[in-house]
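Participant: upload-v7.cif is reproduced below (mmCIF, C-alpha atoms).
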data_work
loop_
_atom_site.label_atom_id
_atom_site.label_comp_id
_atom_site.auth_asym_id
_atom_site.auth_seq_id
_atom_site.Cartn_x
_atom_site.Cartn_y
_atom_site.Cartn_z
CA MET A 12 9.31 17.02 -26.76
CA VAL A 13 8.98 16.28 -23.05
CA THR A 14 9.85 19.34 -21.02
CA PRO A 15 10.07 19.66 -17.23
CA ALA A 16 6.77 21.54 -17.40
CA HIS A 17 5.03 18.27 -18.30
CA PHE A 18 6.37 16.62 -15.17
CA ILE A 19 5.46 19.61 -12.98
CA ALA A 20 1.90 19.51 -14.31
CA LEU A 21 1.65 15.79 -13.58
CA SER A 22 3.01 16.39 -10.09
CA VAL A 23 0.37 19.07 -9.46
CA ILE A 24 -2.41 16.71 -10.52
CA LEU A 25 -1.13 13.89 -8.33
CA PHE A 26 -0.73 16.26 -5.39
CA VAL A 27 -4.33 17.46 -5.68
CA ILE A 28 -5.59 13.86 -5.94
CA GLY A 29 -3.71 13.02 -2.75
CA ALA A 30 -5.07 16.09 -0.96
CA VAL A 31 -8.65 15.20 -1.90
CA GLY A 32 -8.00 11.66 -0.70
CA VAL A 33 -6.85 12.94 2.69
CA LEU A 34 -10.01 15.01 3.01
CA VAL A 35 -12.49 12.44 1.75
CA ARG A 36 -11.38 9.08 3.09
CA ARG A 37 -12.23 7.74 6.56
CA ASN A 38 -9.96 4.75 6.88
CA ALA A 39 -6.79 6.05 8.51
CA ILE A 40 -4.59 3.72 6.46
CA VAL A 41 -5.99 5.10 3.22
CA VAL A 42 -5.45 8.62 4.55
CA PHE A 43 -1.80 7.67 5.06
CA MET A 44 -1.62 6.33 1.53
CA SER A 45 -2.96 9.63 0.22
CA VAL A 46 -0.28 11.48 2.19
CA GLU A 47 2.29 9.21 0.54
CA LEU A 48 0.86 10.14 -2.85
CA MET A 49 1.28 13.83 -2.03
CA LEU A 50 4.89 13.25 -0.95
CA ASN A 51 5.56 11.37 -4.16
CA ALA A 52 4.13 14.21 -6.20
CA ALA A 53 6.41 16.66 -4.40
CA ASN A 54 9.34 14.34 -5.14
CA LEU A 55 8.48 14.33 -8.83
CA ALA A 56 8.50 18.13 -8.83
CA PHE A 57 11.89 18.15 -7.08
CA VAL A 58 13.40 15.78 -9.63
CA ALA A 59 11.90 17.71 -12.54
CA PHE A 60 13.33 21.00 -11.24
CA SER A 61 16.67 19.29 -10.72
CA ARG A 62 16.62 18.25 -14.39
CA MET A 63 15.68 21.79 -15.41
CA HIS A 64 18.49 23.43 -13.46
CA GLY A 65 21.09 20.82 -14.28
CA GLY A 66 22.14 20.28 -10.66
CA LEU A 67 21.58 17.26 -8.48
CA ASP A 68 20.46 19.12 -5.34
CA GLY A 69 16.81 18.45 -6.14
CA GLN A 70 17.49 14.72 -6.29
CA VAL A 71 19.24 14.86 -2.91
CA ILE A 72 16.22 16.65 -1.42
CA ALA A 73 13.90 14.03 -2.95
CA PHE A 74 16.06 11.37 -1.35
CA PHE A 75 15.68 13.02 2.06
CA VAL A 76 11.93 13.31 1.51
CA MET A 77 11.83 9.56 0.94
CA VAL A 78 13.70 8.93 4.19
CA VAL A 79 11.37 11.20 6.17
CA ALA A 80 8.34 9.59 4.53
CA ALA A 81 9.56 6.14 5.53
CA ALA A 82 10.02 7.28 9.15
CA GLU A 83 6.59 8.92 9.11
CA VAL A 84 4.91 5.77 7.82
CA VAL A 85 6.58 3.60 10.46
CA VAL A 86 5.48 5.80 13.37
CA GLY A 87 2.04 6.49 11.89
CA LEU A 88 1.24 2.84 11.34
CA ALA A 89 2.48 1.98 14.83
CA ILE A 90 0.09 4.59 16.26
CA LEU A 91 -2.64 3.14 14.08
CA THR A 92 -2.15 -0.39 15.39
CA ALA A 93 -2.11 0.95 18.96
CA ILE A 94 -5.41 2.78 18.37
CA PHE A 95 -6.89 -0.25 16.65
CA ARG A 96 -5.90 -2.47 19.55
CA SER A 97 -7.73 -0.32 22.08
CA ARG A 98 -10.72 0.81 19.98
CA ARG A 99 -11.14 -1.96 17.38
CA SER A 100 -11.51 0.53 14.56
CA ALA A 101 -9.27 2.14 11.97
CA SER A 102 -11.66 4.92 11.10
CA VAL A 103 -10.54 8.48 11.75
CA ASP A 104 -14.06 9.35 12.91
CA ASP A 105 -13.98 6.93 15.83
CA ALA A 106 -10.90 8.47 17.46
CA ASN A 107 -12.84 11.37 18.96
CA LEU A 108 -12.34 10.67 22.64
CA MET A 109 -10.76 14.06 23.36
CA LYS A 110 -13.20 15.99 21.23
CA TYR A 111 -15.30 17.49 24.04
CA MET B 8 23.99 10.86 -42.62
CA ASN B 9 23.24 14.02 -40.74
CA HIS B 10 19.63 13.78 -41.82
CA ALA B 11 19.41 10.25 -40.45
CA ILE B 12 20.74 11.36 -37.08
CA VAL B 13 18.17 14.14 -36.88
CA LEU B 14 15.42 11.68 -37.79
CA ALA B 15 16.61 9.22 -35.17
CA GLY B 16 16.69 12.01 -32.62
CA SER B 17 13.14 13.05 -33.36
CA ALA B 18 12.02 9.43 -33.24
CA ALA B 19 13.55 9.08 -29.78
CA GLU B 20 11.80 12.28 -28.74
CA THR B 21 8.49 10.91 -29.97
CA THR B 22 9.07 7.70 -28.05
CA ARG B 23 9.78 9.68 -24.90
CA LEU B 24 6.65 11.77 -25.40
CA VAL B 25 4.44 8.72 -25.93
CA GLY B 26 6.01 7.03 -22.92
CA PHE B 27 5.42 10.08 -20.79
CA TRP B 28 1.76 10.32 -21.76
CA ILE B 29 1.12 6.63 -21.16
CA LEU B 30 2.79 6.78 -17.75
CA ALA B 31 1.04 10.02 -16.82
CA ILE B 32 -2.40 8.71 -17.75
CA VAL B 33 -1.82 5.43 -15.91
CA ALA B 34 -0.52 7.27 -12.83
CA VAL B 35 -3.42 9.73 -12.70
CA ALA B 36 -5.97 6.97 -13.30
CA ALA B 37 -4.44 4.82 -10.56
CA GLY B 38 -4.33 7.81 -8.21
CA LEU B 39 -8.00 8.56 -8.83
CA GLY B 40 -8.80 4.89 -8.36
CA MET B 41 -6.91 4.93 -5.08
CA VAL B 42 -9.08 7.75 -3.78
CA LEU B 43 -12.29 6.15 -5.06
CA ALA B 44 -11.73 2.46 -4.28
CA ARG B 45 -13.75 1.21 -1.33
CA LYS B 46 -11.43 -1.54 -0.14
CA ALA B 47 -8.15 -0.56 1.42
CA VAL B 48 -6.25 -3.39 -0.29
CA HIS B 49 -7.28 -2.09 -3.70
CA CYS B 50 -6.01 1.33 -2.63
CA ALA B 51 -2.64 -0.17 -1.72
CA VAL B 52 -2.29 -1.97 -5.05
CA LEU B 53 -3.26 1.16 -7.01
CA LEU B 54 -0.75 3.18 -4.98
CA ALA B 55 1.89 0.65 -5.99
CA VAL B 56 0.98 1.29 -9.64
CA VAL B 57 1.41 5.05 -9.14
CA MET B 58 4.78 4.56 -7.47
CA LEU B 59 6.09 2.28 -10.20
CA CYS B 60 4.99 4.82 -12.83
CA LEU B 61 6.85 7.51 -10.90
CA ALA B 62 9.96 5.33 -10.81
CA VAL B 63 9.96 5.11 -14.60
CA LEU B 64 9.38 8.87 -14.82
CA TYR B 65 12.45 9.37 -12.58
CA LEU B 66 14.43 7.29 -15.07
CA MET B 67 13.21 9.55 -17.87
CA LEU B 68 14.27 12.58 -15.85
CA GLY B 69 17.80 11.29 -15.46
CA ALA B 70 17.59 10.03 -11.88
CA PRO B 71 18.36 6.29 -12.04
CA PHE B 72 19.40 6.17 -8.38
CA LEU B 73 16.12 7.68 -7.21
CA ALA B 74 14.19 5.36 -9.52
CA LEU B 75 15.78 2.34 -7.85
CA VAL B 76 15.25 3.80 -4.38
CA GLN B 77 11.63 4.44 -5.30
CA VAL B 78 11.11 0.82 -6.26
CA ILE B 79 13.04 -0.64 -3.32
CA VAL B 80 12.00 1.71 -0.52
CA TYR B 81 8.51 2.79 -1.53
CA THR B 82 7.11 -0.10 -3.49
CA GLY B 83 9.14 -2.68 -1.62
CA ALA B 84 9.25 -1.54 1.98
CA VAL B 85 6.64 1.14 2.62
CA LEU B 86 3.83 -0.51 0.70
CA MET B 87 4.60 -3.90 2.22
CA LEU B 88 4.36 -2.22 5.62
CA PHE B 89 0.99 -0.79 4.60
CA LEU B 90 -0.26 -4.20 3.53
CA PHE B 91 1.11 -5.76 6.70
CA VAL B 92 -0.79 -3.32 8.89
CA LEU B 93 -3.89 -3.75 6.70
CA MET B 94 -3.82 -7.48 7.39
CA ILE B 95 -3.59 -6.78 11.14
CA VAL B 96 -6.16 -4.01 11.27
CA GLY B 97 -8.89 -5.84 9.45
CA ILE B 98 -8.86 -6.39 5.76
CA SER B 99 -12.61 -6.70 5.52
CA ALA B 100 -13.36 -3.23 6.84
CA ALA B 101 -14.64 -1.27 3.86
CA ASP B 102 -14.97 2.46 4.21
CA SER B 103 -18.32 3.62 5.50
CA VAL B 104 -20.38 5.67 3.09
CA ILE B 105 -22.11 7.68 5.80
CA GLU B 106 -20.83 11.22 6.07
CA THR B 107 -20.25 12.38 9.62
CA ILE B 108 -19.81 15.98 8.50
CA ARG B 109 -22.59 16.97 6.15
CA GLY B 110 -21.42 17.81 2.66
CA GLN B 111 -17.84 16.91 3.46
CA ARG B 112 -17.25 15.04 0.25
CA LEU B 113 -18.70 17.81 -1.88
CA TRP B 114 -16.68 20.51 -0.17
CA ALA B 115 -13.51 18.40 -0.28
CA THR B 116 -13.94 17.89 -4.01
CA LEU B 117 -14.62 21.58 -4.54
CA GLY B 118 -11.55 22.42 -2.49
CA GLY B 119 -9.51 20.00 -4.58
CA VAL B 120 -10.69 21.62 -7.80
CA ALA B 121 -9.90 25.07 -6.39
CA MET B 122 -6.44 23.87 -5.39
CA LEU B 123 -5.89 22.43 -8.86
CA VAL B 124 -6.88 25.73 -10.46
CA LEU B 125 -4.65 27.69 -8.10
CA LEU B 126 -1.62 25.48 -8.64
CA SER B 127 -2.21 25.39 -12.40
CA LEU B 128 -2.28 29.19 -12.46
CA VAL B 129 0.94 29.28 -10.45
CA ILE B 130 2.84 26.90 -12.72
CA GLY B 131 1.23 28.51 -15.76
CA HIS B 132 2.69 31.87 -14.79
CA ALA B 133 6.04 30.51 -13.68
CA VAL B 134 8.78 30.26 -16.23
CA ILE B 135 9.66 26.60 -16.40
CA GLY B 136 12.56 26.40 -18.77
CA PRO B 137 13.63 23.53 -20.94
CA ALA B 138 15.76 20.76 -19.53
CA ALA B 139 19.40 21.58 -19.00
CA PRO B 140 21.75 20.00 -21.54
CA SER B 141 22.16 16.41 -20.57
CA SER B 142 25.41 15.53 -18.93
CA ALA B 143 26.93 12.51 -17.23
CA LYS B 144 25.34 13.69 -13.98
CA PHE B 145 22.00 12.45 -15.28
CA GLY B 146 23.38 9.21 -16.62
CA ASP B 147 26.28 7.01 -15.73
CA ALA B 148 27.80 9.36 -13.13
CA ASN B 149 24.50 9.90 -11.33
CA VAL B 150 25.26 7.72 -8.33
CA THR B 151 28.80 8.99 -7.80
CA THR B 152 27.77 12.64 -8.11
CA LEU B 153 24.87 12.11 -5.70
CA ALA B 154 27.17 10.37 -3.25
CA ARG B 155 29.67 13.23 -3.45
CA LEU B 156 26.88 15.72 -2.74
CA ILE B 157 25.41 13.73 0.14
CA PHE B 158 28.75 13.23 1.85
CA THR B 159 29.99 16.79 1.40
CA ARG B 160 27.37 19.51 1.17
CA TYR B 161 24.53 17.54 2.73
CA LEU B 162 26.59 15.69 5.32
CA TYR B 163 24.87 17.17 8.37
CA PRO B 164 21.32 16.59 7.10
CA PHE B 165 22.38 13.07 6.23
CA GLU B 166 23.70 12.39 9.74
CA ILE B 167 20.60 13.93 11.32
CA THR B 168 18.53 11.63 9.11
CA SER B 169 20.12 8.65 10.82
CA ALA B 170 19.02 10.06 14.19
CA LEU B 171 15.51 10.45 12.76
CA LEU B 172 15.44 6.85 11.57
CA ILE B 173 16.64 5.50 14.91
CA THR B 174 14.02 7.60 16.71
CA ALA B 175 11.31 6.35 14.37
CA ALA B 176 12.32 2.73 14.88
CA LEU B 177 12.35 3.18 18.67
CA GLY B 178 9.01 4.97 18.58
CA ALA B 179 7.44 2.23 16.52
CA MET B 180 8.73 -0.41 18.93
CA VAL B 181 7.40 1.49 21.95
CA LEU B 182 4.02 2.18 20.34
CA ALA B 183 3.46 -1.31 19.02
CA HIS B 184 4.74 -3.05 22.14
CA ARG B 185 2.22 -4.95 24.20
CA GLU B 186 3.05 -5.66 27.82
CA ARG B 187 2.52 -9.29 28.85
CA LEU B 188 -0.05 -9.26 31.62
CA LYS B 189 -0.01 -12.95 32.50
CA PRO B 190 3.05 -15.19 32.75
CA LYS B 191 3.69 -17.31 29.71
CA PRO B 192 2.08 -20.78 30.12
CA THR B 193 4.59 -23.56 30.39
CA GLN B 194 4.26 -26.92 28.71
CA ARG B 195 3.06 -28.43 31.99
CA ASP B 196 0.30 -25.80 32.25
CA LEU B 197 -0.77 -26.51 28.69
CA ALA B 198 -0.90 -30.24 29.33
CA ALA B 199 -2.99 -29.79 32.49
CA GLN B 200 -5.33 -27.46 30.62
CA ARG B 201 -5.78 -29.99 27.86
CA VAL B 202 -6.59 -32.85 30.23
CA ALA B 203 -9.01 -30.66 32.16
CA SER B 204 -10.82 -29.63 28.98
CA GLY B 205 -12.22 -33.14 28.56
CA ARG B 206 -10.64 -33.74 25.13
CA PRO B 207 -7.04 -34.81 25.53
CA THR B 208 -6.68 -35.83 21.88
CA PRO B 209 -6.38 -33.51 18.93
CA LEU B 210 -9.50 -32.56 17.02
CA PRO B 211 -10.46 -34.88 14.15
CA GLY B 212 -9.10 -33.99 10.75
CA PRO B 213 -11.51 -32.71 8.14
CA GLY B 214 -12.62 -34.79 5.26
CA THR B 215 -10.73 -37.86 6.36
CA TYR B 216 -13.61 -40.24 5.85
CA ALA B 217 -15.60 -38.03 3.52
CA GLN B 218 -16.05 -38.31 -0.18
CA HIS B 219 -14.08 -35.14 -0.88
CA ASN B 220 -10.60 -34.59 0.37
CA ALA B 221 -11.04 -30.97 1.39
CA VAL B 222 -10.76 -28.93 4.59
CA ASP B 223 -14.32 -27.64 4.39
CA MET B 224 -15.83 -31.14 4.35
CA PRO B 225 -16.64 -32.53 7.79
CA ALA B 226 -15.33 -35.95 8.65
CA LEU B 227 -17.72 -38.87 9.05
CA LEU B 228 -17.84 -40.59 12.38
CA PRO B 229 -18.05 -44.42 12.59
CA ASP B 230 -21.81 -44.25 13.01
CA GLY B 231 -22.16 -42.21 9.83
CA THR B 232 -22.90 -38.83 11.36
CA GLN B 233 -20.79 -35.80 10.51
CA SER B 234 -18.35 -34.37 13.00
CA GLU B 235 -18.75 -30.60 13.30
CA LEU B 236 -15.52 -30.46 15.27
CA SER B 237 -13.46 -31.53 12.28
CA VAL B 238 -14.06 -28.30 10.35
CA SER B 239 -12.09 -25.27 11.43
CA GLN B 240 -14.16 -22.57 13.09
CA VAL B 241 -12.76 -20.03 10.65
CA ILE B 242 -14.19 -21.96 7.71
CA SER B 243 -17.51 -22.85 9.29
CA GLY B 244 -17.92 -19.21 10.34
CA ARG B 245 -18.07 -18.14 6.71
CA GLY B 246 -21.44 -19.73 6.22
CA PRO B 247 -23.22 -23.01 6.04
CA SER B 248 -20.73 -25.22 4.30
CA VAL B 249 -21.84 -28.50 5.80
CA PRO B 250 -22.85 -30.48 2.73
CA ALA B 251 -25.58 -32.97 2.27
CA PRO B 252 -24.80 -36.46 3.56
CA LEU B 253 -22.90 -38.73 1.27
CA PRO B 254 -25.05 -40.52 -1.25
CA GLY B 255 -25.41 -44.08 -0.21
CA GLY B 256 -23.31 -43.59 2.87
CA PRO B 257 -24.16 -45.32 6.10
CA GLY B 258 -25.93 -42.27 7.50
CA ALA B 259 -27.58 -41.17 4.29
CA PRO B 260 -31.12 -41.85 3.27
CA ALA B 261 -31.29 -44.85 1.03
CA THR B 262 -32.76 -42.99 -1.94
CA ASN B 263 -29.51 -42.80 -3.86
CA GLY B 264 -28.73 -46.45 -3.85
CA ASP B 265 -29.42 -46.82 -7.55
CA SER B 266 -27.09 -44.04 -8.61
CA GLN B 267 -24.30 -45.47 -6.53
CA ALA B 268 -24.81 -48.83 -8.14
CA GLY B 269 -24.63 -47.11 -11.51
CA ASP B 270 -21.36 -45.48 -10.57
CA GLN B 271 -19.80 -48.78 -9.84
#
Would you mind writing the file out in structure tokens?
Facilitator:
Amino acid sequence: MVTPAHFIALSVILFVIGAVGVLVRRNAIVVFMSVELMLNAANLAFVAFSRMHGGLDGQVIAFFVMVVAAAEVVVGLAILTAIFRSRRSASVDDANLMKY
Amino acid sequence: MNHAIVLAGSAAETTRLVGFWILAIVAVAAGLGMVLARKAVHCAVLLAVVMLCLAVLYLMLGAPFLALVQVIVYTGAVLMLFLFVLMIVGISAADSVIETIRGQRLWATLGGVAMLVLLSLVIGHAVIGPAAPSSAKFGDANVTTLARLIFTRYLYPFEITSALLITAALGAMVLAHRERLKPKPTQRDLAAQRVASGRPTPLPGPGTYAQHNAVDMPALLPDGTQSELSVSQVISGRGPSVPAPLPGGPGAPATNGDSQAGDQ
């Protein structure tokens, strides 16, 4: 029997994988992809809780999360192309001009 | 009769359970692969696998609308945007293995494990009840109920979302915009440039007079030599692709004359 707890556990695992990806990877695009994975995991938890409570509010929130994620990706990738154009690199380590 | 219904119900439950486990294992494996893959394109493809698995899981959870939105918006739009930017930003750039912060990978992994333990303890202690009795809200009436919620209780967030999307689109246009520094060359300028360059004709086509009809084969000039200009710089930049001269050709050494005679 598949209970909402199964889905919550899966969402936790995916969230942790995404978090480790954000910390480990250097390529800024892959970092963005990891953030997307974390957002997706949160969405899965929302939908699972919505199923558990029998209301659709969780699904509405997941829908809004998707909209915000789409906006975030658009702006983030635009920033990335702007940085790449001026510095010829997509690595998060190379964008350290304001470090010191 | 009743017994058969119970059996059918348990069979459906087993199918759901097996489906869940297959999807969960595929999603976790693809997620791990996304973190571990060196090339960014592989990461994007593996992320697409995770998102499609999640779409099917949404279907299992009674959210058909979100499943479709997941496929259309995430797998269709967001991932295509990722791939688009990857093609601009350099597809060949693999991640560097050198750590700039010493022990970063180790500590990140340890932190991930600690986070997993923490979250597992949290959801282990929380009371996550069984699914609510299934109703039409999680089936045929899903879209209409969602629409009623979005346009009544969540109307203001929904309207503010449109402002967010417009702002994001404007921001992306401003950030990705490149100001033209020089005036656009007219056709007359281009023609003058071409005449001044010393080669008013187009470059020779590749492989036109060669044995193979391929773009990486240089064309043969009338005197038998090969024309380097006929191969695109992109192709010749990948390595030495200029082949040996044609056997028996006008510019080739005459050692292969016998084989050519045999061919005929």
Participant: Compute the chain A side of the contact with chain B at 7 Å, counting only C-alpha atoms, and hand it back as a PDB file with C-alpha atoms, keeping the file's coordinate frame.
Facilitator:
ATOM      1  CA  MET A  12       9.310  17.020 -26.760  1.00  0.00           C
ATOM      2  CA  VAL A  13       8.980  16.280 -23.050  1.00  0.00           C
ATOM      3  CA  THR A  14       9.850  19.340 -21.020  1.00  0.00           C
ATOM      4  CA  PRO A  15      10.070  19.660 -17.230  1.00  0.00           C
ATOM      5  CA  ALA A  16       6.770  21.540 -17.400  1.00  0.00           C
ATOM      6  CA  LEU A  21       1.650  15.790 -13.580  1.00  0.00           C
ATOM      7  CA  VAL A  23       0.370  19.070  -9.460  1.00  0.00           C
ATOM      8  CA  ILE A  24      -2.410  16.710 -10.520  1.00  0.00           C
ATOM      9  CA  LEU A  25      -1.130  13.890  -8.330  1.00  0.00           C
ATOM     10  CA  VAL A  27      -4.330  17.460  -5.680  1.00  0.00           C
ATOM     11  CA  ILE A  28      -5.590  13.860  -5.940  1.00  0.00           C
ATOM     12  CA  ALA A  30      -5.070  16.090  -0.960  1.00  0.00           C
ATOM     13  CA  VAL A  31      -8.650  15.200  -1.900  1.00  0.00           C
ATOM     14  CA  GLY A  32      -8.000  11.660  -0.700  1.00  0.00           C
ATOM     15  CA  LEU A  34     -10.010  15.010   3.010  1.00  0.00           C
ATOM     16  CA  VAL A  35     -12.490  12.440   1.750  1.00  0.00           C
ATOM     17  CA  ARG A  37     -12.230   7.740   6.560  1.00  0.00           C
ATOM     18  CA  ASN A  38      -9.960   4.750   6.880  1.00  0.00           C
ATOM     19  CA  VAL A  41      -5.990   5.100   3.220  1.00  0.00           C
ATOM     20  CA  ALA A  59      11.900  17.710 -12.540  1.00  0.00           C
ATOM     21  CA  ARG A  62      16.620  18.250 -14.390  1.00  0.00           C
ATOM     22  CA  MET A  63      15.680  21.790 -15.410  1.00  0.00           C
ATOM     23  CA  HIS A  64      18.490  23.430 -13.460  1.00  0.00           C
ATOM     24  CA  GLY A  65      21.090  20.820 -14.280  1.00  0.00           C
ATOM     25  CA  LEU A  67      21.580  17.260  -8.480  1.00  0.00           C
ATOM     26  CA  VAL A  71      19.240  14.860  -2.910  1.00  0.00           C
ATOM     27  CA  PHE A  74      16.060  11.370  -1.350  1.00  0.00           C
ATOM     28  CA  ALA A  81       9.560   6.140   5.530  1.00  0.00           C
ATOM     29  CA  ALA A  82      10.020   7.280   9.150  1.00  0.00           C
ATOM     30  CA  VAL A  85       6.580   3.600  10.460  1.00  0.00           C
ATOM     31  CA  VAL A  86       5.480   5.800  13.370  1.00  0.00           C
ATOM     32  CA  LEU A  88       1.240   2.840  11.340  1.00  0.00           C
ATOM     33  CA  ALA A  89       2.480   1.980  14.830  1.00  0.00           C
ATOM     34  CA  ILE A  90       0.090   4.590  16.260  1.00  0.00           C
ATOM     35  CA  THR A  92      -2.150  -0.390  15.390  1.00  0.00           C
ATOM     36  CA  ALA A  93      -2.110   0.950  18.960  1.00  0.00           C
ATOM     37  CA  PHE A  95      -6.890  -0.250  16.650  1.00  0.00           C
ATOM     38  CA  ALA A 101      -9.270   2.140  11.970  1.00  0.00           C
TER      39      ALA A 101
END
Participant: For a quick check of understanding, using all atoms listed in the file, which of B:Leu59, B:Leu236, B:Val202, B:Ala221 has the smallest distance to Gly83 (chain B)?
Facilitator: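 Of the candidates, the smallest distance to Gly83 (chain B) is held by B:Leu59.
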Participant: So how far away is CA of Val56 (chain B) from CA of Val46 (chain A), in Å?
Facilitator: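 Value for the CA of Val46 (chain A)-CA of Val56 (chain B) distance: 15.7 Å.
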Participant: Using all atoms listed in the file for the distances, tell me which of A:Arg36, A:Arg98, A:Gln70, A:Gly87 is nearest to Leu55 (chain A).
Facilitator: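 Going through A:Arg36, A:Arg98, A:Gln70, A:Gly87 one by one, the smallest distance to Leu55 (chain A) is for A:Gln70.
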Participant: Counting only C-alpha atoms, find the residues whose atoms lie at most 8 Å from (-11.2, -33.7, 9.7) (file coordinates) and write them out as a PyMOL selection string.
Facilitator: chain B and resi 210-216+222+224-226+234+236-238
Participant: With all atoms listed in the file as the counted atoms, please give the residues lying no more than 7 Å from Ser22 (chain A), apart from itself and same-chain residues fewer than 4 positions off, as a count of residues only.
Facilitator: 6
Participant: Rounded to one decimal in Å, what is the spacing between CA of Val33 (chain A) and CA of Met49 (chain A)?
Facilitator: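 Calculated distance between CA of Val33 (chain A) and CA of Met49 (chain A) is 9.4 Å.
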Participant: Could you tell me how far CA of Asp147 (chain B) lies from CA of Pro71 (chain B), in Å and to one decimal?
Facilitator: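 Straight-line distance from CA of Asp147 (chain B) to CA of Pro71 (chain B) works out to 8.8 Å.
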Participant: Taking all atoms listed in the file into account, name the residue in A:Leu91, A:Ile19, A:Val79, A:Val103 that is nearest to Glu47 (chain A).
Facilitator: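 Of the candidates, the smallest distance to Glu47 (chain A) is held by A:Val79.
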